[in-house]
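To start, the structure under review is shown below, and the notes come after it.
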Amino acid sequence: MRLQDLDRLVNADRVRNYSLLLVVGYAIAVVAWLVYMAGNDWLDPFGSPLGYDFITFYAASDLARMGDPAGAFDYYKIYAREVAAVPANTSIFLWHYPPPFNLVIAPLAFVPYPVALAGWLASTLGLYLLMVRRISDHRYALLIALAFPATFINLMHGQNGFLNAALLGGGLLLLDKRPWLAGVLIGLMVYKPHFGVLLPLLLAVQGRWKTFASASATALAVCAIAYVAYGPEPWLAFFANFDRVSVILERGHLPWSKIPSVFVMFASLGVPMKAAYAAHAAVAVGLAVATLIAWRGPGPQSLKVALAIPAILAVSPYCFDYDLVLLALPIGLLADYGRTSPLAPGARIAMAAAFLGPVIFPTVAYQTHVQLLPVTNLLLYVVVWRTLALAQRADVAVAPAVVSPNLAG
């Protein structure tokens with residue numbers, strides 16, 4: 001079967017209908033989950049607390065409120081505040097964020113835990129949907145964004161994927177019209193430093209110095225405010241925590257089935273750590289160089305933004321399935337571009353794989369130790385690259401037709 005034939009399987013009617021089914025399924029699952037947890041001391045069937053990862057945000061906020069923000073990096077202290085939030089909880093959820101994120105979560109501990117969780121999810125989901133609406137005005141855009149399995153995963157984890165997508169996506173989408181504001185949004189991503197490695201280079205190759213300056217100033221200002229607010233101790237604890245993160249990542253204490261990195265893909269297959277890191281580095285550098293070349297060349301900026309997100313995700317060996325909310329950006333931009341312009345063969349099937357991957361492939365990885373999420377990320381990158389190449393060739397083909405009537409005159 002040809003790629004074009006597979007693409008035909010992904011049509012507007014199927015996307016709409018399946019998206020609606022997914023959203024309805026999510027709603028039923030959330031209600032059933034809450035009913036179960038309400039009768040089980042706010043623990044799910046696996047013993048995890050309401051909000052799952054969000055409990056670390058609340059506990060860290062509580063420690064900062066008590067005047068001990070560095071205590072979030074202490075196993076015993078953060079566990080004590082997690083138990084205070086959900087008394088039946090027996091699992092420890094660790095804290096790995098830099099002090100700027102304490103500024104984001106600061107208000108949480110001033111309200112009861114369920115209220116904080118609901119407010120966090122409602123506000124960040126709203127920002128995410130605003131970003132999606134900026135990508136496309138299609139009548140089903142918001143439905144598809146809500147149906148995206150990564151959206152549901154982030155919702156259930158109480159994580160920051162919505163906020164990441166809103167800030168990073170919003171910044172990249174505003175590069176042309178609001179360069180200073182774009183820089184502010186990108187600079188606010190300083191709480192996720194491993195996602196910011198490629199961004200300064202992308203801005204530099206396009207000569208977007210206003211955004212570069214704004215992003216740099218914002219990041220420095222946020223770090224300075226965090227230093228003044230919390231002192232040096234959280235910074236020292238954050239940098240000292242690097243070795244701990246490496247150990248728990250390499251030893252599988254973090255669930256490898258939920259980590260969509262090339263490093264984990266190879267490590268899960270039993271490849272030695274140094275070789276897995278080398279493979280990851282090779283892919284990361286290759287995608288980074290290819291993306292910089294694409295950003296410097298001609299073609300629609302929307303496709304260049306779509307190209308950047310899979311590359312940003314591929315750079316870090318440390319990311320999770322809830323971070324894949326970011327893929328709403330390339331999927332949405334590519335789909336919206338395809339409404340009026342040709343896509344590369346296989347683009348629709350690659351978008352479908354990236355869309356469904358977060359709900360399918362972690363289970364596959366858990367059962368088989370074969371992690372396919374990095375593969376779907378790379379496939380999405382390839383089809384965006386090929387679509388960008390098609391757009392560039394179309395521009396070259398159109399140029400003589402624009403010039404020739406003047407010559408004839």
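In the structure tokens, the first chain shown is A, the next is B, and so on; residue numbers restart at 1 for each chain, and ligands run from 1 in the order shown.
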Next on the checklist: What's around Ala165 in chain A at 10 Å? Count only C-alpha atoms, leave out sequence neighbours fewer than 3 positions away in its own chain, and write the answer as a PyMOL selection string.
Outcome noted: chain A and resi 124-125+127-129+131-132+160-162+168-171+189+309+323-329
Item to check | Shell of 12 Å around Pro193 in chain A, only C-alpha atoms, local chain residues under 4 positions omitted, as a list in words | outcome: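 Non-adjacent residues within range: His96, Tyr97, Pro98, Pro99, Pro100, Phe101, Asn164, Leu168, Ile186, Gly187, Leu188, Met189, Val197, Leu198, Leu199, Pro200, Ala219, Cys223, Ile312, Leu313, Val315, Ser316, Tyr318 and Cys319 of chain A.
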Output file for the residues above (C-alpha atoms, as a JSON list (two decimals), in the first residue's frame):
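Saved file out-v9.json follows:
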```json
[["chain", "number", "residue", "atom", "x", "y", "z"],
["A", 96, "HIS", "CA", 13.33, 18.53, 40.10],
["A", 97, "TYR", "CA", 12.39, 22.08, 39.05],
["A", 98, "PRO", "CA", 14.54, 25.23, 39.21],
["A", 99, "PRO", "CA", 13.44, 28.10, 41.50],
["A", 100, "PRO", "CA", 11.62, 30.08, 38.75],
["A", 101, "PHE", "CA", 8.92, 27.43, 38.80],
["A", 164, "ASN", "CA", 4.52, 24.62, 28.30],
["A", 168, "LEU", "CA", 6.45, 27.95, 23.87],
["A", 186, "ILE", "CA", 9.83, 32.13, 25.40],
["A", 187, "GLY", "CA", 11.85, 33.58, 28.29],
["A", 188, "LEU", "CA", 9.21, 32.45, 30.79],
["A", 189, "MET", "CA", 10.05, 28.87, 29.73],
["A", 197, "VAL", "CA", 18.69, 24.55, 24.36],
["A", 198, "LEU", "CA", 17.75, 24.98, 20.71],
["A", 199, "LEU", "CA", 15.67, 28.16, 20.96],
["A", 200, "PRO", "CA", 18.47, 30.77, 21.09],
["A", 219, "ALA", "CA", 14.72, 34.69, 31.66],
["A", 223, "CYS", "CA", 15.79, 34.04, 37.76],
["A", 312, "ILE", "CA", 13.21, 20.49, 20.80],
["A", 313, "LEU", "CA", 11.63, 17.35, 22.27],
["A", 315, "VAL", "CA", 17.24, 17.21, 22.30],
["A", 316, "SER", "CA", 16.61, 16.22, 25.92],
["A", 318, "TYR", "CA", 14.62, 13.68, 30.04],
["A", 319, "CYS", "CA", 10.99, 14.26, 29.10]]
```
Item to check | Nearest residue to Leu21 in chain A from the set A:Ala147, A:Leu172, A:Ile331, A:Asp53 (distances using only C-alpha atoms) | outcome: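 Comparing A:Ala147, A:Leu172, A:Ile331, A:Asp53 against Leu21 in chain A, the winner is A:Ala147.
Our summary of the geometry notes that CA of Asp176 in chain A is positioned 10.7 Å from CA of Lys210 in chain A.
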Next on the checklist: When you count only C-alpha atoms, which of these residues is closest to Asp321 in chain A: A:Ser268, A:Ser257, A:Thr368, A:Gln301?
Outcome noted: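 The answer is A:Ser257, which sits nearest to Asp321 in chain A.
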Next on the checklist: According to DSSP computed on the backbone, where in range 201-283 of chain A is there helix (DSSP H, G or I)? Give the residues as a PyMOL selection string.
Outcome noted: chain A and resi 201-205+209-230+233-240+242-250+256-258+262-268+273-283
Set out as a tab-separated table a contact list for range 5-82 of chain A and range 110-119 of chain A with a cut-off of 9 Å, giving each residue of range 5-82 of chain A that qualifies its closest atom pair and distance in Å to one decimal, counting only C-alpha atoms, ordered by chain and rising residue number.
```
residue	atom	partner	partner_atom	distance
A:Leu50	CA	A:Pro114	CA	8.2
A:Gly51	CA	A:Leu117	CA	6.8
A:Phe54	CA	A:Leu117	CA	7.1
A:Ile55	CA	A:Tyr113	CA	8.3
A:Tyr58	CA	A:Tyr113	CA	7.2
A:Ser61	CA	A:Phe110	CA	8.6
A:Asp62	CA	A:Phe110	CA	7.9
A:Arg65	CA	A:Phe110	CA	8.1
```
Save out the residues we just selected, N, CA and C atoms, as a JSON list (two decimals), in the first residue's frame.
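Result saved to part_10.json:
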```
[["chain", "number", "residue", "atom", "x", "y", "z"],
["A", 50, "LEU", "N", -4.89, 11.78, 44.08],
["A", 50, "LEU", "CA", -5.58, 12.69, 43.18],
["A", 50, "LEU", "C", -4.60, 13.72, 42.63],
["A", 51, "GLY", "N", -4.58, 13.86, 41.31],
["A", 51, "GLY", "CA", -3.67, 14.82, 40.70],
["A", 51, "GLY", "C", -2.31, 14.25, 40.39],
["A", 54, "PHE", "N", 0.84, 16.44, 40.27],
["A", 54, "PHE", "CA", 0.52, 17.77, 40.81],
["A", 54, "PHE", "C", 0.81, 17.86, 42.29],
["A", 55, "ILE", "N", 0.81, 16.73, 42.98],
["A", 55, "ILE", "CA", 1.04, 16.77, 44.42],
["A", 55, "ILE", "C", 2.42, 17.34, 44.74],
["A", 58, "TYR", "N", 2.07, 21.16, 44.66],
["A", 58, "TYR", "CA", 1.40, 21.65, 45.87],
["A", 58, "TYR", "C", 2.34, 21.56, 47.07],
["A", 61, "SER", "N", 5.03, 24.19, 46.86],
["A", 61, "SER", "CA", 4.43, 25.47, 47.19],
["A", 61, "SER", "C", 4.23, 25.61, 48.69],
["A", 62, "ASP", "N", 3.82, 24.53, 49.33],
["A", 62, "ASP", "CA", 3.61, 24.53, 50.78],
["A", 62, "ASP", "C", 4.91, 24.75, 51.53],
["A", 65, "ARG", "N", 5.87, 28.33, 51.17],
["A", 65, "ARG", "CA", 5.00, 29.14, 52.04],
["A", 65, "ARG", "C", 5.49, 29.09, 53.49]]
```
Item to check | Counting only C-alpha atoms, the residue of A:Ala353, A:Leu236, A:Ala84, A:Ala29 that sits nearest Gly71 in chain A | outcome: A:Leu236
Checklist entry - How many Å lie between CA of Ala290 in chain A and CA of Trp385 in chain A, rounded to one decimal? => result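 Separation between CA of Ala290 in chain A and CA of Trp385 in chain A: 9.0 Å.
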Item to check | Given only C-alpha atoms as the counted atoms, nearest of A:Pro234, A:Gly47, A:Pro317, A:Gly39 to Ala60 in chain A | outcome: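 For Ala60 in chain A, the nearest of the candidates is A:Pro234.
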Item to check | Given only C-alpha atoms as the counted atoms, nearest of A:Phe195, A:Phe93, A:Phe148, A:Trp120 to Gly357 in chain A | outcome: A:Phe148
